[in-house]
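Engineer: For reference, this is entry-v3.tsv, and it has TSV, C-alpha atoms.
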```
chain	number	residue	atom	x	y	z
W	1	MET	CA	103.44	117.43	43.92
W	2	LEU	CA	103.86	114.19	45.84
W	3	SER	CA	101.42	113.23	48.58
W	4	PRO	CA	102.74	112.46	52.07
W	5	LEU	CA	102.69	108.73	51.26
W	6	GLN	CA	104.78	109.36	48.17
W	7	ARG	CA	107.80	110.94	49.79
W	8	PRO	CA	111.14	109.82	48.36
W	9	PHE	CA	113.31	107.45	50.33
W	10	ASN	CA	116.49	105.43	49.92
W	11	VAL	CA	116.54	101.62	50.13
W	12	GLY	CA	120.10	101.10	51.21
W	13	GLY	CA	121.77	100.56	47.84
W	14	LEU	CA	119.60	97.70	46.53
W	15	ASN	CA	120.62	97.15	42.94
W	16	GLU	CA	117.36	95.69	41.56
W	17	THR	CA	115.20	97.82	39.25
W	18	PHE	CA	111.65	97.62	40.54
W	19	GLY	CA	108.41	98.24	38.69
W	20	GLY	CA	105.17	99.73	39.96
W	21	SER	CA	101.56	98.66	40.34
W	22	GLY	CA	98.48	100.85	40.28
W	23	SER	CA	96.89	99.05	43.23
W	24	HIS	CA	99.54	100.30	45.68
W	25	THR	CA	101.02	103.70	46.49
W	26	SER	CA	104.38	104.13	44.77
W	27	SER	CA	107.42	106.06	45.97
W	28	PRO	CA	110.35	107.14	43.80
W	29	THR	CA	113.84	106.36	45.05
W	30	SER	CA	117.36	106.50	43.71
W	31	SER	CA	120.64	104.83	44.58
W	32	ARG	CA	124.19	105.47	43.49
W	33	ARG	CA	126.51	102.61	42.52
W	34	ASP	CA	129.70	102.83	40.45
W	35	GLY	CA	129.06	106.53	39.98
W	36	LYS	CA	125.75	105.93	38.21
W	37	GLU	CA	122.38	106.91	39.58
W	38	LYS	CA	119.33	104.66	38.99
W	39	SER	CA	115.74	105.75	39.59
W	40	ARG	CA	112.90	103.31	40.41
W	41	TYR	CA	109.60	103.09	42.26
W	42	LEU	CA	108.77	101.00	45.32
W	43	ILE	CA	105.15	100.26	46.18
W	44	LYS	CA	103.65	100.62	49.64
W	45	HIS	CA	101.22	97.81	50.30
W	46	ARG	CA	97.64	99.03	50.15
W	47	GLU	CA	96.61	97.20	53.34
W	48	TYR	CA	99.74	96.28	55.27
W	49	TYR	CA	101.57	99.60	55.15
W	50	MET	CA	100.01	100.46	58.49
W	51	VAL	CA	99.88	103.53	60.65
W	52	GLY	CA	101.80	102.81	63.85
W	53	GLY	CA	103.82	100.07	62.20
W	54	ASP	CA	107.46	99.88	63.20
W	55	LEU	CA	108.79	96.96	61.14
W	56	PHE	CA	109.59	97.46	57.44
W	57	VAL	CA	109.71	94.42	55.12
W	58	LEU	CA	110.44	94.51	51.39
W	59	ILE	CA	109.29	91.73	49.03
W	60	ASP	CA	109.91	92.25	45.32
W	61	ASP	CA	108.90	95.90	44.85
W	62	VAL	CA	106.28	96.01	47.65
W	63	LEU	CA	107.02	97.58	51.02
W	64	PHE	CA	105.22	96.40	54.18
W	65	LYS	CA	105.02	98.45	57.38
W	66	ILE	CA	103.73	96.21	60.16
W	67	HIS	CA	103.98	95.80	63.93
W	68	SER	CA	107.13	94.14	65.20
W	69	TYR	CA	105.30	93.00	68.34
W	70	PHE	CA	103.86	89.89	66.64
W	71	PHE	CA	107.28	88.88	65.33
W	72	LYS	CA	109.29	89.61	68.46
W	73	ARG	CA	106.72	87.89	70.67
W	74	GLU	CA	107.06	84.51	68.99
W	75	ALA	CA	109.39	84.32	65.99
W	76	ARG	CA	112.82	82.92	66.71
W	77	GLU	CA	114.44	83.17	63.27
W	78	PHE	CA	112.60	85.85	61.29
W	79	PHE	CA	115.16	88.58	61.99
W	80	ASP	CA	118.01	86.21	61.10
W	81	ASP	CA	116.43	85.33	57.74
W	82	ALA	CA	117.53	88.48	55.89
W	83	PRO	CA	120.01	87.82	53.06
W	84	ALA	CA	123.66	88.63	53.69
W	85	ASP	CA	123.87	91.36	51.06
W	86	CYS	CA	120.95	93.16	52.71
W	87	ALA	CA	122.77	93.21	56.05
W	88	GLN	CA	125.90	94.50	54.36
W	89	ALA	CA	123.93	97.26	52.60
W	90	ALA	CA	122.45	98.42	55.89
W	91	PRO	CA	124.86	97.59	58.75
W	92	ARG	CA	123.39	97.47	62.21
W	93	SER	CA	124.29	100.12	64.77
W	94	ASP	CA	122.99	101.50	68.03
W	95	GLU	CA	120.92	104.15	66.19
W	96	VAL	CA	119.63	102.17	63.19
W	97	ASP	CA	118.56	98.49	63.18
W	98	LEU	CA	117.60	96.36	60.21
W	99	GLY	CA	113.86	96.69	59.58
W	100	LYS	CA	113.49	99.86	61.66
W	101	SER	CA	113.21	102.26	58.75
W	102	GLU	CA	112.17	102.33	55.10
W	103	ASP	CA	115.70	102.54	53.78
W	104	ASN	CA	116.79	99.63	56.00
W	105	ALA	CA	113.83	97.34	55.33
W	106	ILE	CA	114.22	93.57	55.79
W	107	ARG	CA	114.32	92.13	52.29
W	108	ILE	CA	112.85	88.66	51.74
W	109	LEU	CA	113.86	87.08	48.44
W	110	ASP	CA	112.06	83.72	48.14
W	111	VAL	CA	108.59	84.52	49.52
W	112	THR	CA	105.91	86.04	47.32
W	113	VAL	CA	103.84	89.09	48.23
W	114	GLN	CA	100.71	86.93	48.27
W	115	GLU	CA	102.28	84.40	50.65
W	116	PHE	CA	103.34	87.11	53.08
W	117	GLU	CA	99.86	88.67	52.91
W	118	THR	CA	98.37	85.28	53.81
W	119	PHE	CA	100.73	84.91	56.75
W	120	LEU	CA	99.97	88.41	58.08
W	121	TRP	CA	96.23	87.65	57.87
W	122	VAL	CA	96.69	85.37	60.92
W	123	PHE	CA	97.57	88.45	63.03
W	124	TYR	CA	95.36	91.05	61.35
W	125	ASN	CA	92.21	89.02	60.67
W	126	PRO	CA	89.35	91.51	61.07
W	127	GLN	CA	86.87	88.77	61.97
W	128	TYR	CA	88.80	87.66	65.05
W	129	SER	CA	87.79	84.04	65.79
W	130	ILE	CA	86.57	83.25	62.26
W	131	TYR	CA	89.52	81.92	60.31
W	132	ASP	CA	87.94	80.75	57.09
W	133	ALA	CA	90.49	80.42	54.28
W	134	PRO	CA	91.21	78.09	51.34
W	135	ILE	CA	93.16	74.96	52.19
W	136	ASP	CA	96.17	76.22	50.19
W	137	SER	CA	96.38	79.25	52.47
W	138	TRP	CA	96.91	76.99	55.46
W	139	PHE	CA	99.73	75.23	53.65
W	140	THR	CA	101.38	78.62	53.13
W	141	ILE	CA	100.89	79.59	56.78
W	142	LEU	CA	102.37	76.28	57.91
W	143	LYS	CA	105.38	76.68	55.59
W	144	LEU	CA	106.28	80.19	56.79
W	145	ALA	CA	105.53	79.45	60.45
W	146	HIS	CA	107.94	76.51	60.23
W	147	ARG	CA	110.58	78.53	58.40
W	148	TRP	CA	110.57	81.46	60.81
W	149	ASP	CA	109.82	79.32	63.87
W	150	PHE	CA	106.42	80.57	64.98
W	151	PRO	CA	105.44	77.55	67.15
W	152	ILE	CA	101.97	78.84	68.09
W	153	VAL	CA	101.07	79.77	64.51
W	154	LYS	CA	102.43	76.43	63.29
W	155	ALA	CA	100.29	74.48	65.76
W	156	PHE	CA	97.27	76.55	64.68
W	157	ALA	CA	97.86	75.71	61.00
W	158	LEU	CA	98.29	72.00	61.78
W	159	ARG	CA	94.99	71.92	63.68
W	160	GLU	CA	93.17	73.54	60.76
W	161	LEU	CA	94.70	71.09	58.27
W	162	GLN	CA	93.78	68.18	60.54
W	163	ARG	CA	90.21	69.45	60.77
W	164	ARG	CA	89.98	69.56	56.96
W	165	GLN	CA	91.98	66.41	56.22
W	166	SER	CA	89.33	65.02	53.87
W	167	GLU	CA	90.25	67.79	51.39
W	168	VAL	CA	93.88	66.64	51.08
W	169	PRO	CA	95.12	63.28	49.69
W	170	LEU	CA	96.73	60.96	52.22
W	171	VAL	CA	100.26	60.98	50.75
W	172	THR	CA	100.19	64.77	50.29
W	173	ARG	CA	99.42	65.20	53.99
W	174	ILE	CA	102.27	62.86	54.90
W	175	ARG	CA	104.71	64.75	52.68
W	176	ILE	CA	103.74	68.16	54.04
W	177	TYR	CA	103.77	67.08	57.68
W	178	GLN	CA	107.14	65.38	57.17
W	179	ASP	CA	108.67	68.38	55.37
W	180	TYR	CA	107.59	70.76	58.14
W	181	ASN	CA	108.43	68.48	61.08
W	182	ALA	CA	104.91	67.92	62.34
W	183	PRO	CA	104.69	66.14	65.74
W	184	PRO	CA	104.39	62.31	65.78
W	185	GLU	CA	100.69	62.44	66.62
W	186	TYR	CA	100.09	63.73	63.10
W	187	LEU	CA	102.50	61.48	61.19
W	188	VAL	CA	102.15	58.06	62.84
W	189	PRO	CA	98.40	57.58	62.13
W	190	LEU	CA	98.88	58.66	58.49
W	191	TYR	CA	101.77	56.27	57.90
W	192	GLY	CA	99.74	53.56	59.63
W	193	GLU	CA	96.82	54.17	57.28
W	194	LEU	CA	99.09	54.00	54.21
W	195	CYS	CA	100.78	50.78	55.36
W	196	ALA	CA	97.54	49.05	56.37
W	197	ARG	CA	95.39	49.82	53.34
W	198	ASP	CA	94.76	47.08	50.78
W	199	LEU	CA	95.77	49.20	47.79
W	200	THR	CA	99.54	49.39	47.30
W	201	PRO	CA	101.04	52.90	46.85
W	202	THR	CA	100.78	54.16	43.29
W	203	GLU	CA	103.67	55.35	41.16
W	204	GLU	CA	102.53	58.97	41.57
W	205	GLU	CA	102.45	58.57	45.36
W	206	ALA	CA	105.96	57.09	45.34
W	207	VAL	CA	107.28	60.07	43.36
W	208	GLU	CA	105.60	62.54	45.72
W	209	LEU	CA	106.79	60.88	48.90
W	210	GLY	CA	110.36	60.23	47.70
W	211	PHE	CA	112.55	57.13	47.56
W	212	GLU	CA	113.66	56.87	51.20
W	213	ARG	CA	110.21	57.38	52.70
W	214	MET	CA	108.49	55.05	50.23
W	215	TYR	CA	111.14	52.37	50.82
W	216	ARG	CA	110.27	52.46	54.52
W	217	VAL	CA	106.56	52.29	53.68
W	218	PHE	CA	107.00	49.13	51.61
W	219	LYS	CA	109.24	47.59	54.29
W	220	ALA	CA	106.59	48.27	56.94
W	221	ARG	CA	103.85	46.84	54.67
W	222	GLU	CA	105.84	43.59	54.26
W	223	LEU	CA	106.49	43.23	57.99
W	224	LEU	CA	102.85	43.87	58.84
W	225	ARG	CA	101.80	41.09	56.47
W	226	SER	CA	104.42	38.54	57.60
W	227	PRO	CA	103.97	35.86	60.28
W	228	VAL	CA	104.68	37.09	63.79
W	229	ASP	CA	107.52	34.55	64.27
W	230	ALA	CA	109.28	35.33	60.95
W	231	VAL	CA	112.64	36.27	62.50
W	232	ASP	CA	116.09	34.85	61.75
W	233	GLU	CA	118.88	34.04	64.24
W	234	SER	CA	120.11	37.65	64.33
W	235	GLY	CA	116.66	39.00	65.15
W	236	THR	CA	116.04	40.42	61.68
W	237	TYR	CA	112.39	40.36	60.63
W	238	LEU	CA	111.61	38.31	57.53
W	239	SER	CA	108.78	38.33	55.01
W	240	PRO	CA	108.67	34.76	53.65
W	241	MET	CA	106.85	33.71	50.51
W	242	PRO	CA	103.58	31.77	50.91
W	243	GLU	CA	104.11	28.03	50.59
W	244	GLY	CA	103.74	26.50	47.14
W	245	ILE	CA	104.31	29.62	45.03
W	246	THR	CA	105.60	28.34	41.70
W	247	GLN	CA	107.98	29.73	39.10
W	248	GLU	CA	105.13	30.36	36.72
W	249	GLU	CA	103.20	32.43	39.29
W	250	THR	CA	106.28	34.35	40.46
W	251	PHE	CA	107.60	35.17	37.00
W	252	GLY	CA	104.15	36.26	35.84
W	253	THR	CA	103.94	38.78	38.68
W	254	ILE	CA	107.45	40.10	37.98
W	255	GLU	CA	106.66	40.56	34.29
W	256	GLU	CA	103.47	42.48	35.11
W	257	ILE	CA	104.94	44.79	37.75
W	258	PHE	CA	108.23	45.58	35.96
W	259	GLY	CA	106.77	45.64	32.46
W	260	LEU	CA	109.16	42.93	31.23
W	261	PRO	CA	108.53	40.56	28.31
W	262	ALA	CA	107.38	37.03	29.05
W	263	TYR	CA	110.21	34.79	30.27
W	264	PRO	CA	110.22	31.31	28.66
W	265	ILE	CA	110.12	28.76	31.49
W	266	ALA	CA	111.75	25.42	30.73
W	267	GLU	CA	109.36	22.56	29.98
W	268	GLY	CA	108.41	20.74	33.15
W	269	ALA	CA	109.65	23.57	35.43
W	270	GLN	CA	106.37	25.48	35.66
W	271	ASP	CA	105.58	23.81	38.99
W	272	ASP	CA	109.03	24.33	40.54
W	273	VAL	CA	108.65	26.08	43.87
W	274	VAL	CA	110.35	29.45	44.40
W	275	GLN	CA	111.99	29.83	47.81
W	276	ALA	CA	114.65	31.95	49.53
W	277	GLY	CA	117.57	29.80	48.42
W	278	GLY	CA	116.43	29.65	44.81
W	279	VAL	CA	114.18	27.31	42.87
W	280	GLN	CA	113.36	23.88	44.29
W	281	GLU	CA	113.09	21.51	41.34
W	282	GLY	CA	110.12	19.20	41.13
W	283	GLY	CA	108.09	21.26	43.53
W	284	VAL	CA	105.56	20.09	46.08
W	285	ARG	CA	103.32	18.36	43.56
W	286	ASP	CA	106.12	16.15	42.16
W	287	GLU	CA	107.24	15.23	45.67
W	288	VAL	CA	103.76	14.03	46.54
W	289	VAL	CA	103.59	11.89	43.39
W	290	GLN	CA	107.02	10.41	44.07
W	291	ASP	CA	106.12	9.59	47.68
W	292	GLU	CA	102.92	7.86	46.60
W	293	GLY	CA	104.78	5.83	43.96
W	294	ALA	CA	107.40	4.74	46.46
W	295	GLN	CA	104.73	3.64	48.91
W	296	GLU	CA	102.93	1.58	46.27
W	297	GLU	CA	106.10	-0.17	45.13
W	298	GLY	CA	107.10	-0.88	48.73
W	299	ALA	CA	103.69	-2.42	49.46
W	300	GLN	CA	103.88	-4.65	46.38
W	301	ASP	CA	107.40	-5.83	47.31
W	302	ASP	CA	106.26	-6.65	50.86
W	303	LYS	CA	103.22	-8.50	49.54
W	304	HIS	CA	105.13	-10.75	47.13
W	305	GLY	CA	108.16	-11.34	49.33
W	306	ASP	CA	106.37	-14.16	51.24
W	307	ASN	CA	104.69	-17.40	50.10
W	308	GLU	CA	101.02	-18.09	50.56
W	309	ASP	CA	101.69	-20.05	53.73
W	310	GLY	CA	103.59	-17.11	55.24
W	311	SER	CA	107.09	-18.63	54.92
W	312	SER	CA	109.92	-16.96	53.09
W	313	SER	CA	111.28	-18.58	49.91
W	314	THR	CA	114.96	-18.25	49.02
W	315	SER	CA	114.39	-19.23	45.41
W	316	VAL	CA	111.72	-16.58	45.06
W	317	GLN	CA	114.11	-13.94	46.44
W	318	ASP	CA	116.77	-15.03	43.95
W	319	ASP	CA	114.24	-14.80	41.17
W	320	ASP	CA	113.34	-11.34	42.39
W	321	ASP	CA	116.98	-10.24	42.09
W	322	VAL	CA	117.10	-11.53	38.53
W	323	ASP	CA	113.81	-9.81	37.75
W	324	VAL	CA	115.11	-6.51	39.14
W	325	TYR	CA	118.15	-6.76	36.88
W	326	LEU	CA	116.00	-7.63	33.85
W	327	ASP	CA	113.63	-4.78	34.68
W	328	ALA	CA	116.56	-2.36	34.70
W	329	VAL	CA	117.76	-3.63	31.30
W	330	ASP	CA	114.26	-3.43	29.84
W	331	ASP	CA	113.75	0.07	31.25
W	332	SER	CA	116.98	1.24	29.66
W	333	GLN	CA	115.95	-0.15	26.29
W	334	ASP	CA	112.46	1.32	26.63
W	335	GLU	CA	113.86	4.75	27.45
W	336	GLU	CA	116.04	4.68	24.34
W	337	LYS	CA	113.03	3.77	22.21
W	338	ASP	CA	110.92	6.46	23.81
W	339	GLU	CA	113.59	9.17	23.52
W	340	GLY	CA	111.29	11.38	21.46
W	341	LYS	CA	108.44	11.16	23.95
W	342	GLY	CA	107.75	13.56	26.81
W	343	GLU	CA	109.25	12.98	30.24
W	344	ASP	CA	105.94	12.14	31.88
W	345	GLN	CA	105.02	9.66	29.15
W	346	LYS	CA	108.38	7.89	29.53
W	347	LYS	CA	107.93	7.41	33.26
W	348	LYS	CA	104.42	6.11	32.79
W	349	SER	CA	105.48	3.58	30.12
W	350	ALA	CA	108.37	2.14	32.15
W	351	LYS	CA	106.26	1.86	35.28
W	352	GLN	CA	103.46	0.09	33.47
W	353	LYS	CA	105.84	-2.49	31.96
W	354	ARG	CA	107.35	-3.25	35.34
W	355	ALA	CA	103.90	-3.79	36.77
W	356	ASP	CA	102.98	-6.18	33.93
W	357	LYS	CA	106.14	-8.25	34.45
W	358	LYS	CA	105.55	-8.54	38.17
W	359	GLN	CA	102.00	-9.62	37.55
W	360	LYS	CA	103.20	-12.43	35.23
W	361	LYS	CA	105.81	-13.48	37.80
W	362	ASN	CA	103.19	-13.67	40.54
W	363	LYS	CA	100.94	-15.88	38.40
W	364	LYS	CA	103.90	-18.20	37.72
W	365	ASN	CA	104.72	-18.46	41.43
W	366	ASN	CA	101.10	-19.22	42.27
W	367	ARG	CA	100.98	-22.06	39.74
W	368	SER	CA	104.12	-23.56	41.18
```
Transcribe the structure of this file into structure tokens.
Structural biologist:
Amino acid sequence: MLSPLQRPFNVGGLNETFGGSGSHTSSPTSSRRDGKEKSRYLIKHREYYMVGGDLFVLIDDVLFKIHSYFFKREAREFFDDAPADCAQAAPRSDEVDLGKSEDNAIRILDVTVQEFETFLWVFYNPQYSIYDAPIDSWFTILKLAHRWDFPIVKAFALRELQRRQSEVPLVTRIRIYQDYNAPPEYLVPLYGELCARDLTPTEEEAVELGFERMYRVFKARELLRSPVDAVDESGTYLSPMPEGITQEETFGTIEEIFGLPAYPIAEGAQDDVVQAGGVQEGGVRDEVVQDEGAQEEGAQDDKHGDNEDGSSSTSVQDDDDVDVYLDAVDDSQDEEKDEGKGEDQKKKSAKQKRADKKQKKNKKNNRS
């Protein structure tokens, strides 16, 4: 003989075959579909099938009987969350509403029994002001409060997570707060911490946060580290390279970050400077050397352009023109001879020979 809690009832034509559990009170039920009758057992929750309850909720094979007051007081979307086939199986009328009886229970498909138990604990906590629960429980409460639009419960869960923030990794907190539309006062400081920290986001953090969010994080990190006046004509913020970064340094970083094989840099191009428009040949170091060489040659020409008494000599200037022509011929011959030598060695050899010839010419002028 069945006990009063084991009376048979109908569940509105649900076509799932449910199993039982010894920890709950089970009730046999049957439904008829296509002329065939199926028997199964539903389980009344051992704690949340409550005397005086007036709201029936079915999750898997477990039936909850709770107080609708908590849900009608605050929830905005809980009663609209029932699947369409459940509403069709138990159509609403003036006499019978969805969730008002066992055979018209609200069926929730994608929430587990344990998650719903955790959520109900917020309302039925026997210790009143002591809400001590594992951190994962607060994630569950936040998820369901957001889904069913319980604003007060959601704010409560956010405060508890904020109080215990040291237990949750930074990027995980950002992801959860973003997914459940936490207010800006929760998100802005966390994004600020991620963008300001010295350590760049890891690959695991990028996967967890997602492409679009992590793209914005890296963009913010670049802007925060750029000069304040790095803006183009259209007002777009820029993140320029530090001055003097060479090909060798840039390519080495690219190879390390992207896991690419070493790129063979052309001989003599290791010091080429990388800039927005491409690679600037010669680089800063070569420009300095060239400027110094030009200054030295200009000083020597100025020094030997005048006689000892300070007057200018036309014959000396003519000789200088001939010497320049001879220097050019000699340089061309020297470069052909030194074809197998390195570029730097060639320049050094030609320059030294020009200096020797000028020295001989100066001695000759002095004797005359």
Engineer: Restricting the calculation to all atoms listed in the file, which member of W:Tyr48, W:Phe56, W:Tyr191, W:Tyr180 is positioned closest to Asn104 of chain W?
Structural biologist: W:Phe56
Engineer: Between atom CA of Lys154 of chain W and atom CA of Ile141 of chain W, measure the distance and give it in Å to one decimal.
Structural biologist: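 So the answer is 7.4 Å.
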Engineer: With a distance cut-off of 12 Å and all atoms listed in the file, select the neighbouring residues of Ala155 of chain W, excluding the residue or stretch itself and same-chain residues fewer than 3 positions from it, and output the selection as a JSON list (two decimals) with C-alpha atoms, in the frame of the given file.
Structural biologist:
```
[["chain", "number", "residue", "atom", "x", "y", "z"],
["W", 138, "TRP", "CA", 96.91, 76.99, 55.46],
["W", 141, "ILE", "CA", 100.89, 79.59, 56.78],
["W", 142, "LEU", "CA", 102.37, 76.28, 57.91],
["W", 143, "LYS", "CA", 105.38, 76.68, 55.59],
["W", 145, "ALA", "CA", 105.53, 79.45, 60.45],
["W", 146, "HIS", "CA", 107.94, 76.51, 60.23],
["W", 149, "ASP", "CA", 109.82, 79.32, 63.87],
["W", 150, "PHE", "CA", 106.42, 80.57, 64.98],
["W", 151, "PRO", "CA", 105.44, 77.55, 67.15],
["W", 152, "ILE", "CA", 101.97, 78.84, 68.09],
["W", 158, "LEU", "CA", 98.29, 72.00, 61.78],
["W", 159, "ARG", "CA", 94.99, 71.92, 63.68],
["W", 160, "GLU", "CA", 93.17, 73.54, 60.76],
["W", 161, "LEU", "CA", 94.70, 71.09, 58.27],
["W", 162, "GLN", "CA", 93.78, 68.18, 60.54],
["W", 177, "TYR", "CA", 103.77, 67.08, 57.68],
["W", 180, "TYR", "CA", 107.59, 70.76, 58.14],
["W", 181, "ASN", "CA", 108.43, 68.48, 61.08],
["W", 182, "ALA", "CA", 104.91, 67.92, 62.34],
["W", 183, "PRO", "CA", 104.69, 66.14, 65.74],
["W", 186, "TYR", "CA", 100.09, 63.73, 63.10]]
```
Engineer: Calculate how many Å separate atom CA of Pro134 of chain W from atom CA of Ile176 of chain W, rounding to one decimal.
Structural biologist: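 A separation of 16.2 Å between them.
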Engineer: Rounded to one decimal, what separation in Å do you get between atom CA of Met241 of chain W and atom CA of Gly192 of chain W?
Structural biologist: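 Atom CA of Gly192 of chain W lies 23.0 Å from atom CA of Met241 of chain W.
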Engineer: Under the rule that only C-alpha atoms are counted, which of W:Asp110, W:Glu47, W:Asp136, W:Asp179 is the nearest residue to Leu209 of chain W?
Structural biologist: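 Under the stated criterion, the closest residue is W:Asp179.
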Engineer: Tell me, as a list in words, which residues lie within 7 Å of Lys100 of chain W, counting only C-alpha atoms; anything in the same chain fewer than 2 positions away does not count.
Structural biologist: Asp54, Leu55, Phe56, Val96, Asp97, Leu98, Asn104 and Ala105 of chain W
Engineer: Have a look at W:Leu58, W:Leu194, W:Leu144, W:Val153 and name the one nearest to Asp103 of chain W; count only C-alpha atoms.
Structural biologist: W:Leu58
Engineer: Write out as an mmCIF file with C-alpha atoms, in the frame of the given file each polymer residue whose atoms come within 12 Å of Met50 of chain W, counting all atoms listed in the file; drop sequence neighbours fewer than 5 positions from it.
Structural biologist:
```cif
data_model
loop_
_atom_site.group_PDB
_atom_site.id
_atom_site.type_symbol
_atom_site.label_atom_id
_atom_site.label_comp_id
_atom_site.auth_asym_id
_atom_site.auth_seq_id
_atom_site.Cartn_x
_atom_site.Cartn_y
_atom_site.Cartn_z
ATOM 1 C CA LEU W 5 102.690 108.730 51.260
ATOM 2 C CA LYS W 44 103.650 100.620 49.640
ATOM 3 C CA HIS W 45 101.220 97.810 50.300
ATOM 4 C CA LEU W 55 108.790 96.960 61.140
ATOM 5 C CA PHE W 56 109.590 97.460 57.440
ATOM 6 C CA VAL W 57 109.710 94.420 55.120
ATOM 7 C CA LEU W 63 107.020 97.580 51.020
ATOM 8 C CA PHE W 64 105.220 96.400 54.180
ATOM 9 C CA LYS W 65 105.020 98.450 57.380
ATOM 10 C CA ILE W 66 103.730 96.210 60.160
ATOM 11 C CA HIS W 67 103.980 95.800 63.930
ATOM 12 C CA SER W 68 107.130 94.140 65.200
ATOM 13 C CA TYR W 124 95.360 91.050 61.350
#
```
Engineer: So, counting only C-alpha atoms, which residue among W:Gly53, W:Gly210, W:Gly259, W:Pro240 is closest to Leu224 of chain W?
Structural biologist: W:Pro240
Engineer: Contacts of Val228 of chain W at 12 Å or less, counting only C-alpha atoms, minus same-chain residues fewer than 2 places along, as an MDAnalysis selection string?
Structural biologist: chainID W and resid 222:226 230:232 237:240
